[in-house]
Amino acid sequence: MTRVLHMIDRHTPVDALRQLRQLARPGDQIVSVGPDAGYPLPIEVVEWHEPMGSAWACGMWNAPKAQGVDAVHVWSTRAQRTAQVVAGAMPNVPLIRTLPAVPPSGKPLRRLVRSLRDDELHITVPTEAAKRLLIACGVDAPRVHVLPVAAETIVDRDTRRIETRRELGFVDDAFVLVAPDQLLRPAGHNFAAWAHAIMRYVLDEPSYLVVPVTGPMQRAFATFARGAGFIDLTVIGLPTDRFPDALAAADVAVFFRQSDCGGSSLAAAMAAGLPVVAFDTPDVVEIAGDAALYTKTRTPRAAGQALLRVHEEPGLSAELTSQSLARAESFTLAGARARLDALYAALIRTSVES
């Protein structure tokens, strides 16, 4: 069995942690550079001391603890520096970095590409579109690999729907939007609040917006939602284990991203049978295909109009639900694990031969 050391830190994106939770094997190890992210994972997370707050020093201090592993798999930017030191101290041990998404342009993309210049580092991305972008920016093609997301299924969806809606105080006939992405700047949650406000002004019916996953933009989003006038109809943040409940309680999932920020929440929404309304960012288009209703433009008005269509056209909503369920069947945990296991095996073999 391949022994893998997974490395995270407290700033690891939830999308990456969700993938790690699904893909980690019982014999693997998970360490956190400094304090743990606090996300529930199937394997106990061991915190590594970070001398003077230095990721490099953390790697130097703790490298002996990693002896005997076959591969090092890092899931965040900060942990990557530590992982490079650790992997560099062990001959013939490949280093893999998983990216939830690739920024489309500008300083974030340039900064990311600079961090990937290590010739020994292999990168996984969720889509072919992300792979093409990295290669176009100068990352060596043989070092970039597509690791598809796995769709999490919901057990007892109907029961969860009834209980969650009752718990959150939603009236029985309420139309519930869920914005499943973590509260990050690229996720565009302000557009979800805007679109919800448009619906509230147009329809004389109860509706709610649920943003289940907290993040760095939580305070800014709450301020924006309050200004939009419907903070009392917006649920911000649920416990991590309640993410499936948020999907079960919803009638439509929205992904009004400014740029891509991960695929696991989208795959989970489709597996839950939710109609998807989205802006046409590259990863969303590749993952969702025809299972999403894309807005004509990336504007609040277009977002609101698309939501109104799903609400007012039962046939469209049913068709999107059917397409979501069919599309989600392509994103199986078995398929993702097989792809990752094959990557580990190939990189370990190549490392030994070299």
# chains A, B, ... in the order shown; residues from 1 in each chain; ligands from 1
>>> closest_atom_pairs(of="range 121-154 of chain A", to="range 249-271 of chain A", cutoff="9 Å", atoms="only C-alpha atoms", output="Markdown table")
| residue | atom | partner | partner_atom | distance |
| --- | --- | --- | --- | --- |
| A:Pro126 | CA | A:Gly263 | CA | 6.8 |
| A:Thr127 | CA | A:Gly263 | CA | 8.8 |
| A:Pro148 | CA | A:Gly263 | CA | 8.4 |
| A:Val149 | CA | A:Ser264 | CA | 5.7 |
| A:Ala150 | CA | A:Ser264 | CA | 6.6 |
| A:Ala151 | CA | A:Ala267 | CA | 4.7 |
| A:Glu152 | CA | A:Ala268 | CA | 5.1 |
| A:Thr153 | CA | A:Ala271 | CA | 5.7 |
| A:Ile154 | CA | A:Ala271 | CA | 7.7 |
>>> write_last_selection(atoms="all heavy atoms", output="JSON list (two decimals), in the first residue's frame")
[["chain", "number", "residue", "atom", "x", "y", "z"],
["A", 126, "PRO", "N", -8.72, 20.37, -11.19],
["A", 126, "PRO", "CA", -9.96, 19.62, -11.37],
["A", 126, "PRO", "C", -10.46, 19.50, -12.80],
["A", 126, "PRO", "O", -11.35, 18.69, -13.07],
["A", 126, "PRO", "CB", -10.97, 20.41, -10.52],
["A", 126, "PRO", "CG", -10.45, 21.81, -10.54],
["A", 126, "PRO", "CD", -8.96, 21.69, -10.56],
["A", 127, "THR", "N", -9.92, 20.31, -13.73],
["A", 127, "THR", "CA", -10.45, 20.31, -15.09],
["A", 127, "THR", "C", -9.36, 20.44, -16.13],
["A", 127, "THR", "O", -8.24, 20.90, -15.84],
["A", 127, "THR", "CB", -11.44, 21.49, -15.29],
["A", 127, "THR", "OG1", -10.71, 22.72, -15.16],
["A", 127, "THR", "CG2", -12.58, 21.43, -14.30],
["A", 148, "PRO", "N", -10.19, 14.67, -11.22],
["A", 148, "PRO", "CA", -11.61, 15.09, -11.17],
["A", 148, "PRO", "C", -12.16, 15.06, -9.76],
["A", 148, "PRO", "O", -11.74, 14.25, -8.92],
["A", 148, "PRO", "CB", -12.31, 14.07, -12.07],
["A", 148, "PRO", "CG", -11.42, 12.87, -12.05],
["A", 148, "PRO", "CD", -10.02, 13.39, -11.94],
["A", 149, "VAL", "N", -13.09, 15.95, -9.49],
["A", 149, "VAL", "CA", -13.73, 15.96, -8.17],
["A", 149, "VAL", "C", -14.68, 14.78, -8.05],
["A", 149, "VAL", "O", -15.14, 14.22, -9.06],
["A", 149, "VAL", "CB", -14.50, 17.28, -7.95],
["A", 149, "VAL", "CG1", -13.54, 18.45, -7.88],
["A", 149, "VAL", "CG2", -15.54, 17.49, -9.05],
["A", 150, "ALA", "N", -14.96, 14.40, -6.82],
["A", 150, "ALA", "CA", -15.92, 13.34, -6.55],
["A", 150, "ALA", "C", -17.17, 13.95, -5.93],
["A", 150, "ALA", "O", -17.08, 14.79, -5.03],
["A", 150, "ALA", "CB", -15.32, 12.29, -5.61],
["A", 151, "ALA", "N", -18.32, 13.56, -6.42],
["A", 151, "ALA", "CA", -19.59, 14.10, -5.92],
["A", 151, "ALA", "C", -20.03, 13.36, -4.67],
["A", 151, "ALA", "O", -20.16, 12.14, -4.68],
["A", 151, "ALA", "CB", -20.66, 13.99, -7.00],
["A", 152, "GLU", "N", -20.24, 14.10, -3.59],
["A", 152, "GLU", "CA", -20.75, 13.51, -2.36],
["A", 152, "GLU", "C", -22.26, 13.35, -2.46],
["A", 152, "GLU", "O", -22.97, 14.30, -2.80],
["A", 152, "GLU", "CB", -20.41, 14.40, -1.16],
["A", 152, "GLU", "CG", -18.93, 14.52, -0.87],
["A", 152, "GLU", "CD", -18.68, 15.38, 0.36],
["A", 152, "GLU", "OE1", -18.64, 16.61, 0.20],
["A", 152, "GLU", "OE2", -18.52, 14.83, 1.46],
["A", 153, "THR", "N", -22.75, 12.17, -2.15],
["A", 153, "THR", "CA", -24.19, 11.93, -2.19],
["A", 153, "THR", "C", -24.81, 12.19, -0.81],
["A", 153, "THR", "O", -24.12, 12.15, 0.22],
["A", 153, "THR", "CB", -24.49, 10.49, -2.61],
["A", 153, "THR", "OG1", -23.82, 9.58, -1.71],
["A", 153, "THR", "CG2", -23.98, 10.23, -4.02],
["A", 154, "ILE", "N", -26.10, 12.48, -0.80],
["A", 154, "ILE", "CA", -26.81, 12.79, 0.44],
["A", 154, "ILE", "C", -27.70, 11.60, 0.82],
["A", 154, "ILE", "O", -28.52, 11.15, 0.01],
["A", 154, "ILE", "CB", -27.67, 14.05, 0.28],
["A", 154, "ILE", "CG1", -26.77, 15.25, -0.06],
["A", 154, "ILE", "CG2", -28.47, 14.32, 1.55],
["A", 154, "ILE", "CD1", -27.55, 16.52, -0.30]]
>>> select_by_dssp(residues="range 211-257 of chain A", states="alpha helix (DSSP H)", output="PyMOL selection string")
chain A and resi 218-228+243-249
>>> residues_around(residues="Trp75 in chain A", least_positions_apart="5", cutoff="8 Å", atoms="only C-alpha atoms", output="VMD selection string")
chain A and resid 6 to 8 12 16 to 17 80 97 to 99
>>> write_last_selection(atoms="N, CA and C atoms", output="mmCIF file, in the first residue's frame")
data_model
loop_
_atom_site.group_PDB
_atom_site.id
_atom_site.type_symbol
_atom_site.label_atom_id
_atom_site.label_comp_id
_atom_site.auth_asym_id
_atom_site.auth_seq_id
_atom_site.Cartn_x
_atom_site.Cartn_y
_atom_site.Cartn_z
ATOM 1 N N HIS A 6 -0.044 13.673 3.793
ATOM 2 C CA HIS A 6 -0.825 14.817 3.349
ATOM 3 C C HIS A 6 -0.518 16.002 4.250
ATOM 4 N N MET A 7 -0.367 17.190 3.643
ATOM 5 C CA MET A 7 -0.014 18.379 4.412
ATOM 6 C C MET A 7 -1.014 19.494 4.153
ATOM 7 N N ILE A 8 -1.506 20.088 5.251
ATOM 8 C CA ILE A 8 -2.474 21.183 5.187
ATOM 9 C C ILE A 8 -2.018 22.281 6.148
ATOM 10 N N THR A 12 -6.130 26.244 4.546
ATOM 11 C CA THR A 12 -6.438 25.365 3.423
ATOM 12 C C THR A 12 -7.892 25.560 2.995
ATOM 13 N N ALA A 16 -10.488 21.969 -0.956
ATOM 14 C CA ALA A 16 -9.373 21.031 -0.879
ATOM 15 C C ALA A 16 -9.557 20.066 0.284
ATOM 16 N N LEU A 17 -10.012 20.571 1.422
ATOM 17 C CA LEU A 17 -10.228 19.704 2.575
ATOM 18 C C LEU A 17 -11.329 18.688 2.309
ATOM 19 N N GLN A 80 2.780 24.161 1.198
ATOM 20 C CA GLN A 80 3.660 23.748 0.094
ATOM 21 C C GLN A 80 5.124 24.022 0.417
ATOM 22 N N ARG A 97 0.992 18.705 -5.493
ATOM 23 C CA ARG A 97 0.192 19.811 -4.967
ATOM 24 C C ARG A 97 -1.171 19.790 -5.661
ATOM 25 N N THR A 98 -2.236 19.783 -4.881
ATOM 26 C CA THR A 98 -3.586 19.854 -5.443
ATOM 27 C C THR A 98 -4.092 21.283 -5.378
ATOM 28 N N LEU A 99 -4.539 21.803 -6.523
ATOM 29 C CA LEU A 99 -5.127 23.136 -6.612
ATOM 30 C C LEU A 99 -6.631 23.001 -6.796
#
>>> residues_around(residues="Val211 in chain A", least_positions_apart="3", cutoff="12 Å", atoms="only C-alpha atoms", output="PyMOL selection string")
chain A and resi 176-184+187-190+192-193+196+208+214-215+217-218+221-222+225+231+233-240+242-243+245-247+249-250+253-255+265
>>> write_last_selection(atoms="C-alpha atoms", output="compact mmCIF listing (two decimals), in the first residue's frame")
# COMPACT_ATOMS: atom_id res chain seq x y z
CA VAL A 176 -34.70 28.37 -1.02
CA LEU A 177 -31.46 29.31 -2.76
CA VAL A 178 -28.16 27.80 -1.66
CA ALA A 179 -24.75 29.25 -2.57
CA PRO A 180 -22.56 26.23 -1.68
CA ASP A 181 -19.12 27.73 -2.31
CA GLN A 182 -16.96 28.81 0.60
CA LEU A 183 -17.13 32.54 1.34
CA LEU A 184 -14.09 33.53 -0.75
CA ALA A 187 -17.04 32.95 -5.28
CA GLY A 188 -19.16 36.05 -5.92
CA HIS A 189 -21.63 35.62 -3.07
CA ASN A 190 -22.62 39.29 -3.39
CA ALA A 192 -26.26 35.68 -4.90
CA ALA A 193 -27.50 38.27 -2.39
CA HIS A 196 -32.11 36.98 -4.08
CA TYR A 208 -34.41 32.46 1.57
CA THR A 214 -17.92 30.35 6.08
CA GLY A 215 -14.67 31.91 4.94
CA MET A 217 -15.34 37.11 3.17
CA GLN A 218 -17.99 36.33 5.80
CA PHE A 221 -20.80 39.45 2.76
CA ALA A 222 -22.95 39.93 5.85
CA ALA A 225 -26.54 41.28 2.49
CA ILE A 231 -30.18 39.80 5.95
CA LEU A 233 -33.80 35.97 5.21
CA THR A 234 -30.17 34.91 4.78
CA VAL A 235 -28.50 32.03 6.65
CA ILE A 236 -24.73 32.49 6.85
CA GLY A 237 -22.64 29.57 8.05
CA LEU A 238 -23.62 26.12 9.25
CA PRO A 239 -21.51 23.50 11.04
CA THR A 240 -19.30 21.59 8.64
CA ARG A 242 -24.47 20.25 7.99
CA PHE A 243 -23.35 20.95 4.42
CA ASP A 245 -28.45 19.43 5.00
CA ALA A 246 -28.06 22.83 3.34
CA LEU A 247 -28.20 21.19 -0.09
CA ALA A 249 -33.12 22.05 2.10
CA ALA A 250 -32.61 24.04 -1.12
CA ALA A 253 -27.96 26.02 -6.25
CA VAL A 254 -26.24 29.19 -7.46
CA PHE A 255 -22.63 29.66 -8.56
CA SER A 265 -19.43 22.01 -4.04
>>> closest_residue(among="A:Arg114, A:Asp204, A:Pro100, A:Glu313", to="Lys131 in chain A", atoms="only C-alpha atoms")
A:Pro100
